[in-house]
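Have a look at the structure below before the remarks.
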Amino acid sequence: MSTNPYNFTDPVRDPRMFYGREALLKEIVANFCAPNPHSYTLFGGRRFGKTSLLRAIERQLIERLTIGREPCVIPIYIDLNFEIIQSRGAFFALVIKRLGETLRAYLNQVDLDDDYLHQLRIRVETEHDPLPLFERAFVYIQSTAFPQVGTLQAVLLIDESERILRQPWAPELHSNLRALLSNRPKVQDHLGIKMAGSSNFYAKITEEGSPLRNILIKRLLPPLSEAETCALINEPTGGILPEVVVDEVVRQTGGHPFLIQYLMHYLWEAGLENADVETVREIVDHFTGERDDFEDWCEGIGPVGEQIYALLCERGDWTRRPDIYRAVQADRTAIRKALEALSYHGLIHEDRHRGFRVGAEMFRAWFEEFKPVVSKSKPDGESGTRPINYHDFELLVTPDRKIRASSEQGEEEGELHLDMNEIRLTLQLTERGNTNAELLKGLGTKLYQALFPANIHAHLRATTASAEAARCGVRLRLIMEPPGLSALPWEFLYDADTNTFLANSTQTALSRYIPVPMTRRDIRAASLPLKILVVISSPQGLTPLDTEGEERLIRQALTKHLTSGQVEIDVLKEATIRNINQKLRERSYNVFHFIGHGMFKEDKGYLILADQDNTARPVDDETFSNFFLGNRTIGLVILNACQSAATSSHQAFVGMAFHLVRRGIPAVIAMQYSIADTTAQLFADELYRTLSLGWPVDAAIQATRNAISMEVGLDQPDFATPVLFMRARDGVILSGL
C-alpha cells in the first residue's frame with residue numbers, strides 16, 4: 001500500500017484492514033443466511049470496532065446479493081447517530097424506506113409500488129400501534145420480491161442503539177422488536193436483528209424484565225489478542241518494523257483497535273523505516289495532549305470506574321475482585337457494573353484466576369494526566385465517591401386524595417384511585433413474607449398506577465429526561481396526608497415501563513417527606529468517626545431477643561468501618577429511660593439505632609423499653625422524642641424490628657417515625673417488615689458506609705436498598721423494608737463528614 005492504510009477517525013471500510021473479528025464475522029453472516037436466523041446484540045466500548053463489524057456484515061451480505069446467492073438477504077444499516085427518530089412508528093417507517101432503497105439499489109428486477117409503500121410509511125409513522133402496518137409492508141415487499149429473487153430475508157443492523165434508550169417509547173419499541181422475532185409468523189422467519197451499543201445499552205438490555213433479554217444472542221466485543229494486534233501492525237506495513245517497536249505498540253495499545261490505528265497512523269506518517277521505541281512514546285505523549293474527548297471516555301466508566309482504574313494504575317499488577325471490593329468505597333453492585341464498563345471499553349483486562357489489570361498504557365498515561373486526584377485510591381477504603389446530584393419531584397396527596405406533582409418542569413394535578421380489595425391479599429402475603437418477584441411487581445404496579453395517573457406519569461418522565469440530560473437523578477419526595485394511604489408500602493412502587501422498583505433504582509432517591517421547616521441550623525454538625533448509639537431492648541414478658549447476638553451482628557456488619565476509624569459504636573442493652581438519658585448526655589452521637597419491640601394501642605405507636613426491674617415499659621412518641629430535646633448532634637434515628645419481633649412492631653415503628661420527624665428529628669428510618677439477620681447486617685454495612693462518606697440520607701438509603709435487592713433478590717420484600725421519613729428537602733442531615 002502506497003497510501004497510509006491506518007485510519008483512526010472512521011470505521012474500517014477496506015476489508016484488507018479488518019483484523020481480529022473474523023471468526024465472529026463469519027458466525028454472524030452464516031447465521032443470517034440460514035433459515036430462521038437468530039438475532040444478536042453486540043456490546044463494546046467507545047471506538048472499539050462495533051461500527052466496523054456492522055459495516056463488514058453489511059458488506060459481505062451485499063456481496064452475496066450481487067452474485068445472486070439464495071436466500072436473498074437484505075442488510076438494512078441504521079446509524080442512530082445520524083437519524084432523528086421521534087417515535088417507534090418513525091423507526092419502523094425508516095426500516096421500510098431503507099429496505100426498499102436497498103432492493104432498488106442491488107436488485108432492480110424487483111418491481112415495487114413506490115406510491116403504495118410511501119402511503120404505508122406515512123401510516124406506520126403516525127399509527128398508535130405501528131406493528132400491524134409494518135408487518136403488512138414487510139409481507140408486501142417479500143411477496144413482490146419472491147418471483148424474481150426467491151426467499152427474502154431482512155437483517156436490521158442497528159448502530160449506536162443506546163441513543164433511543166432515553167426515549168419514552170423505547171420500552172414499547174423493544175417489545176415490538178421482540179414480537180417481530182417471536183410472535184409474528186409472517187415476519188419472524190425472515191427477519192434478523194443485530195443491535196450494537198455501549199455500556200448503557202448493555203445494562204438496559206440485560207436487566208431483569210427487558211423484552212430483549214432472552215431473545216437476542218449476546219456478544220461482547222473483546223480487545224484484539226496479541227497475535228491479532230501484531231497482524232494489524234505487520235501485514236499492512238510488510239513487516240518493516242523492528243520487533244522491539246511492535247512490542248511497544250502492543251504494550252501501549254492493549255489490543256484496543258482505535259489506539260492501534262492511532263499509533264500506526266502516526267508511525268506511518270513519521271516514516272516506518274525510522275521508527276523506534278522513542279518515536280512510539282512521542283506519539284503517546286502527543287495523544288495525551290491532543291485528545292479533547294477525555295470526559296466522554298470517563299462518562300462511559302463513571303466515577304466508580306475512575307476509582308477502580310486509579311487503583312489498578314497504582315498497583316500495576318493483577319488485582320483480584322475481593323481486593324477491589326475492599327479498596328473502593330462503593331457498593332458491590334456499582335463496583336461490578338464499573339468493572340464491566342471498564343472491560344468493554346477496553347481499559348482493563350480480565351483473567352478468571354488472576355483478576356484485573358490495566359490494559360493499554362496509553363490510557364493510563366491519559367488518565368494520570370487528566371485525573372491525578374482520582375489516582376490516590378487507598379487500599380484501606382478511605383476514599384469514596386459522592387452520590388449523584390438530583391432534580392426534585394414532589395408528590396403531595398391531600399386528604400381528599402387529590403395528587404399534586406411539582407418539579408422544575410412545572411406542576412400537574414390528578415386524583416388517586418386505588419381499590420384496596422385488589423391489593424389486600426397481596427399486602428397480607430407480604431406481611432407474612434410469602435412473596436415472589438411477580439407478586440411484588442404486581443403490588444408495585446397497582447401502587448404506581450394509583451399514584452402516577454397518565455398526566456403525572458408523563459410529568460415524571462419529563463423530569464427524569466431533564467435530570468438524565470444533566471447527568472442527575474430524581475429526588476422523589478412523597479407527602480401522604482391521609483393516614484390510611486401513609487400506612488401503605490409505597491417503597492414497592494414499580495414502573496412497569498422501565499421494569500424498575502423506584503425504591504432501589506440508583507437514579508432515584510425515594511423518601512416520605514414531612515413538610516416541617518428545616519433550617520441550616522437544624523443540620524447536625526458531625527465529623528469522622530460517625531458515632532452511633534445502639535439500644536437493644538428486650539424486657540421480660542415479651543419474646544426475648546438475643547441481645548448478645550444482636551450486638552455481635554451489628555459489630556460484624558461494621559467491622560471494616562470500625563477498623564478504618566470511620567465509625568464508632570456504643571451498645572446499650574439495659575434500655576431504661578434513665579440509662580438512655582445518661583448515655584446521650586455522656587457523649588455526642590450522630591445516630592440513634594433502636595432494636596426491639598413496638599406495639600399499637602388506641603391508634604398510637606409505642607416502643608417497648610425496660611423498667612428498672614426489666615419489665616416492659618411502653619413509651620409513646622411524645623415521651624420517646626423527649627430523649628432528643630435540645631440534642632444538637634443526632635441527625636438520624638433508626639427503628640429496627642428484629643426477625644423475632646411481633647408483627648405489630650412494624651406498624652408501630654412506622655407510626656412512631658412519622659411523629660418523631662414532625663417533632664424535630666431530621667430523619668428517621670423505620671422497618672415496615674421483619675428482616676433476616678443477614679439482611680440486617682447488610683443494611684447496617686451499606687447505610688453506615690455511605691453516611692460516613694457524607695452522603696445525603698435519602699441517597700444513602702437508596703444505595704442500601706439497591707444493595708439489599710442485589711444480595712437478597714426481588715422475591716423477598718427486604719429491599720423495600722426500610723422506610724425513610726425526613727424533613728430535609730435535600731437529604732442533608734449531617735455536615736462536616
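To be explicit about the labels: the chains of the C-alpha cells are called A, B, and onward in the order shown, and within each one the residues are counted from 1, while ligands get numbers from 1 in the order they are shown.
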Write out as JSON, numbers by chain the residues lying within 9 Å of Ile456 in chain A, counting only C-alpha atoms and excluding same-chain residues fewer than 3 positions away.
{"A": [403, 404, 405, 411, 412, 413, 414, 451, 452, 453, 459, 460, 461]}
Give me every alpha helix (DSSP H) residue in range 439-554 of chain A, going by DSSP on the backbone, as a ChimeraX atom specification.
/A:439-451,454-469,483-486,547-554
Asp570 in chain A environment, 9 Å, only C-alpha atoms, sequence neighbours closer than 6 positions dropped, as a PyMOL selection string:
chain A and resi 531-535
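Of the listed residues A:Gly635, A:Gly541, A:Pro696, A:Gly238, the one whose atoms come nearest to Asp611 in chain A is A:Gly541, with distances taken using only C-alpha atoms.
Shell of range 140-142 of chain A at 6 Å, with only C-alpha atoms counted and residues fewer than 3 places along the chain excluded, is Ala137, Ala145 and Leu152 of chain A.
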Within 12 Å of Ser2 in chain A using only C-alpha atoms, minus same-chain residues under 4 positions, as a VMD selection string:
chain A and resid 6 236 to 238 268 to 269
Could you write out that same residue set with all heavy atoms as an mmCIF file, in the first residue's frame?
```
data_model
loop_
_atom_site.group_PDB
_atom_site.id
_atom_site.type_symbol
_atom_site.label_atom_id
_atom_site.label_comp_id
_atom_site.auth_asym_id
_atom_site.auth_seq_id
_atom_site.Cartn_x
_atom_site.Cartn_y
_atom_site.Cartn_z
ATOM 1 N N TYR A 6 -3.887 3.257 7.711
ATOM 2 C CA TYR A 6 -4.417 3.319 9.076
ATOM 3 C C TYR A 6 -5.270 4.571 9.247
ATOM 4 O O TYR A 6 -4.839 5.684 8.950
ATOM 5 C CB TYR A 6 -3.271 3.307 10.092
ATOM 6 C CG TYR A 6 -2.470 2.026 10.061
ATOM 7 C CD1 TYR A 6 -1.246 1.970 9.389
ATOM 8 C CD2 TYR A 6 -2.945 0.882 10.687
ATOM 9 C CE1 TYR A 6 -0.511 0.797 9.347
ATOM 10 C CE2 TYR A 6 -2.210 -0.300 10.652
ATOM 11 C CZ TYR A 6 -0.996 -0.339 9.983
ATOM 12 O OH TYR A 6 -0.276 -1.502 9.941
ATOM 13 N N PRO A 236 -0.060 -4.836 6.994
ATOM 14 C CA PRO A 236 -0.147 -3.664 6.109
ATOM 15 C C PRO A 236 1.200 -2.973 5.879
ATOM 16 O O PRO A 236 1.381 -2.278 4.879
ATOM 17 C CB PRO A 236 -1.118 -2.726 6.836
ATOM 18 C CG PRO A 236 -1.904 -3.627 7.740
ATOM 19 C CD PRO A 236 -0.930 -4.671 8.171
ATOM 20 N N THR A 237 2.159 -3.159 6.811
ATOM 21 C CA THR A 237 3.461 -2.492 6.688
ATOM 22 C C THR A 237 4.511 -3.383 6.050
ATOM 23 O O THR A 237 5.670 -2.963 5.882
ATOM 24 C CB THR A 237 3.958 -2.052 8.078
ATOM 25 O OG1 THR A 237 4.125 -3.217 8.906
ATOM 26 C CG2 THR A 237 2.984 -1.098 8.738
ATOM 27 N N GLY A 238 4.147 -4.611 5.731
ATOM 28 C CA GLY A 238 5.123 -5.522 5.158
ATOM 29 C C GLY A 238 6.148 -6.010 6.155
ATOM 30 O O GLY A 238 7.227 -6.469 5.772
ATOM 31 N N TRP A 268 3.312 5.628 10.559
ATOM 32 C CA TRP A 268 3.391 5.639 9.091
ATOM 33 C C TRP A 268 3.760 7.040 8.609
ATOM 34 O O TRP A 268 4.633 7.195 7.736
ATOM 35 C CB TRP A 268 2.053 5.197 8.505
ATOM 36 C CG TRP A 268 2.023 5.058 7.008
ATOM 37 C CD1 TRP A 268 2.078 6.071 6.095
ATOM 38 C CD2 TRP A 268 1.965 3.844 6.259
ATOM 39 N NE1 TRP A 268 2.037 5.581 4.820
ATOM 40 C CE2 TRP A 268 1.965 4.206 4.891
ATOM 41 C CE3 TRP A 268 1.883 2.507 6.602
ATOM 42 C CZ2 TRP A 268 1.893 3.259 3.876
ATOM 43 C CZ3 TRP A 268 1.815 1.570 5.591
ATOM 44 C CH2 TRP A 268 1.826 1.942 4.242
ATOM 45 N N GLU A 269 3.091 8.060 9.163
ATOM 46 C CA GLU A 269 3.349 9.432 8.734
ATOM 47 C C GLU A 269 4.773 9.867 9.074
ATOM 48 O O GLU A 269 5.394 10.648 8.333
ATOM 49 C CB GLU A 269 2.341 10.387 9.393
ATOM 50 C CG GLU A 269 0.900 10.202 8.940
ATOM 51 C CD GLU A 269 0.719 10.477 7.462
ATOM 52 O OE1 GLU A 269 1.214 11.518 6.990
ATOM 53 O OE2 GLU A 269 0.098 9.633 6.770
#
```
So which residues touch Ile577 in chain A within 8 Å, counting only C-alpha atoms, skipping near sequence neighbours fewer than 2 positions away, as a PyMOL selection string?
chain A and resi 575+579-581+609-611
Prev. selection, N, CA and C atoms, output as a JSON list (two decimals), in the first residue's frame:
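Generated file (part_1.json):
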```json
[["chain", "number", "residue", "atom", "x", "y", "z"],
["A", 575, "ALA", "N", -32.10, -1.09, 78.42],
["A", 575, "ALA", "CA", -32.75, 0.04, 77.76],
["A", 575, "ALA", "C", -33.81, 0.69, 78.65],
["A", 579, "ASN", "N", -31.03, 5.03, 81.76],
["A", 579, "ASN", "CA", -29.78, 4.64, 81.09],
["A", 579, "ASN", "C", -29.62, 5.32, 79.73],
["A", 580, "ILE", "N", -30.72, 5.42, 78.99],
["A", 580, "ILE", "CA", -30.64, 6.07, 77.68],
["A", 580, "ILE", "C", -30.31, 7.55, 77.85],
["A", 581, "ASN", "N", -30.97, 8.21, 78.79],
["A", 581, "ASN", "CA", -30.68, 9.63, 79.02],
["A", 581, "ASN", "C", -29.22, 9.85, 79.41],
["A", 609, "LEU", "N", -39.57, -0.12, 76.08],
["A", 609, "LEU", "CA", -38.30, -0.04, 76.80],
["A", 609, "LEU", "C", -38.39, -0.95, 78.03],
["A", 610, "ALA", "N", -37.40, -0.85, 78.91],
["A", 610, "ALA", "CA", -37.38, -1.67, 80.12],
["A", 610, "ALA", "C", -37.49, -0.76, 81.34],
["A", 611, "ASP", "N", -38.17, -1.25, 82.37],
["A", 611, "ASP", "CA", -38.18, -0.55, 83.64],
["A", 611, "ASP", "C", -36.97, -1.00, 84.45]]
```
Taking only C-alpha atoms into account, name the residue in A:Gln612, A:Asn234, A:Asn176, A:Thr9 that is nearest to Arg578 in chain A.
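For Arg578 in chain A, the nearest of the given residues is A:Gln612.
For range 145-350 of chain A, backbone-based DSSP assignment of strand (DSSP E) covers Leu152, Gln153, Ala154, Val155, Leu156, Leu157, Ile158, Asp159, Leu191, Gly192, Ile193, Lys194, Met195, Ala196, Gly197, Ile217, Lys218, Arg219, Leu220, Ile348, His349 and Glu350 of chain A.
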Name all residues at most 9 Å from Thr435 in chain A (count only C-alpha atoms; drop same-chain ones fewer than 2 positions away) and give them as an MDAnalysis selection string.
chainID A and resid 426 429:430 432:433 437:440 715:717
How would the residues just chosen look if you wrote them out with all heavy atoms as a CSV table (one decimal), in the first residue's frame?
```csv
chain,number,residue,atom,x,y,z
A,426,THR,N,-52.5,-9.4,48.7
A,426,THR,CA,-51.0,-9.2,48.5
A,426,THR,C,-50.4,-8.6,49.7
A,426,THR,O,-49.3,-9.0,50.1
A,426,THR,CB,-50.8,-8.4,47.2
A,426,THR,OG1,-51.4,-9.0,46.1
A,426,THR,CG2,-49.3,-8.3,46.9
A,429,LEU,N,-50.0,-11.3,52.3
A,429,LEU,CA,-48.9,-12.2,52.0
A,429,LEU,C,-47.5,-11.5,52.2
A,429,LEU,O,-46.6,-12.2,52.6
A,429,LEU,CB,-49.0,-12.7,50.5
A,429,LEU,CG,-50.3,-13.5,50.2
A,429,LEU,CD1,-50.4,-13.7,48.7
A,429,LEU,CD2,-50.1,-14.9,50.9
A,430,THR,N,-47.4,-10.3,51.9
A,430,THR,CA,-46.2,-9.6,52.0
A,430,THR,C,-45.8,-9.4,53.5
A,430,THR,O,-44.6,-9.6,53.9
A,430,THR,CB,-46.3,-8.2,51.4
A,430,THR,OG1,-46.6,-8.3,50.0
A,430,THR,CG2,-44.9,-7.4,51.5
A,432,ARG,N,-46.5,-11.5,55.8
A,432,ARG,CA,-46.0,-12.8,56.2
A,432,ARG,C,-44.7,-13.2,55.6
A,432,ARG,O,-44.2,-14.3,55.9
A,432,ARG,CB,-47.1,-13.9,55.9
A,432,ARG,CG,-48.4,-13.6,56.6
A,432,ARG,CD,-49.5,-14.6,56.1
A,432,ARG,NE,-50.8,-14.2,56.5
A,432,ARG,CZ,-51.9,-14.5,55.8
A,432,ARG,NH1,-51.8,-15.3,54.7
A,432,ARG,NH2,-53.1,-14.2,56.2
A,433,GLY,N,-44.3,-12.5,54.6
A,433,GLY,CA,-43.1,-12.9,53.8
A,433,GLY,C,-43.3,-13.9,52.8
A,433,GLY,O,-42.3,-14.5,52.3
A,437,ALA,N,-41.1,-12.3,43.2
A,437,ALA,CA,-40.9,-11.1,42.5
A,437,ALA,C,-42.1,-10.7,41.7
A,437,ALA,O,-42.5,-9.5,41.7
A,437,ALA,CB,-39.7,-11.3,41.5
A,438,GLU,N,-42.9,-11.6,41.1
A,438,GLU,CA,-44.0,-11.2,40.3
A,438,GLU,C,-45.1,-10.7,41.2
A,438,GLU,O,-45.8,-9.7,40.8
A,438,GLU,CB,-44.5,-12.4,39.5
A,438,GLU,CG,-43.6,-12.9,38.4
A,438,GLU,CD,-43.2,-11.7,37.5
A,438,GLU,OE1,-44.1,-11.0,37.0
A,438,GLU,OE2,-42.0,-11.6,37.2
A,439,LEU,N,-45.3,-11.2,42.3
A,439,LEU,CA,-46.3,-10.7,43.3
A,439,LEU,C,-46.0,-9.3,43.7
A,439,LEU,O,-46.9,-8.4,43.7
A,439,LEU,CB,-46.5,-11.6,44.5
A,439,LEU,CG,-47.5,-11.3,45.5
A,439,LEU,CD1,-48.2,-12.5,46.0
A,439,LEU,CD2,-46.9,-10.5,46.7
A,440,LEU,N,-44.7,-9.1,44.0
A,440,LEU,CA,-44.3,-7.7,44.5
A,440,LEU,C,-44.4,-6.7,43.3
A,440,LEU,O,-44.8,-5.6,43.5
A,440,LEU,CB,-42.9,-7.8,45.1
A,440,LEU,CG,-42.8,-8.6,46.3
A,440,LEU,CD1,-41.4,-8.6,46.8
A,440,LEU,CD2,-43.7,-8.1,47.4
A,715,ASP,N,-37.5,-11.5,45.3
A,715,ASP,CA,-38.6,-12.4,45.7
A,715,ASP,C,-39.0,-12.1,47.1
A,715,ASP,O,-40.2,-12.4,47.5
A,715,ASP,CB,-38.1,-13.9,45.6
A,715,ASP,CG,-38.1,-14.4,44.2
A,715,ASP,OD1,-38.9,-13.9,43.4
A,715,ASP,OD2,-37.3,-15.3,43.9
A,716,GLN,N,-38.1,-11.5,47.9
A,716,GLN,CA,-38.5,-11.2,49.3
A,716,GLN,C,-38.7,-9.7,49.4
A,716,GLN,O,-38.1,-8.9,48.6
A,716,GLN,CB,-37.3,-11.6,50.2
A,716,GLN,CG,-37.1,-13.1,50.2
A,716,GLN,CD,-38.3,-13.9,50.7
A,716,GLN,OE1,-39.0,-13.5,51.6
A,716,GLN,NE2,-38.5,-15.0,50.0
A,717,PRO,N,-39.5,-9.2,50.4
A,717,PRO,CA,-39.8,-7.8,50.5
A,717,PRO,C,-38.7,-7.0,51.2
A,717,PRO,O,-38.8,-5.8,51.4
A,717,PRO,CB,-41.0,-7.7,51.3
A,717,PRO,CG,-41.0,-9.0,52.2
A,717,PRO,CD,-40.3,-10.0,51.3
```
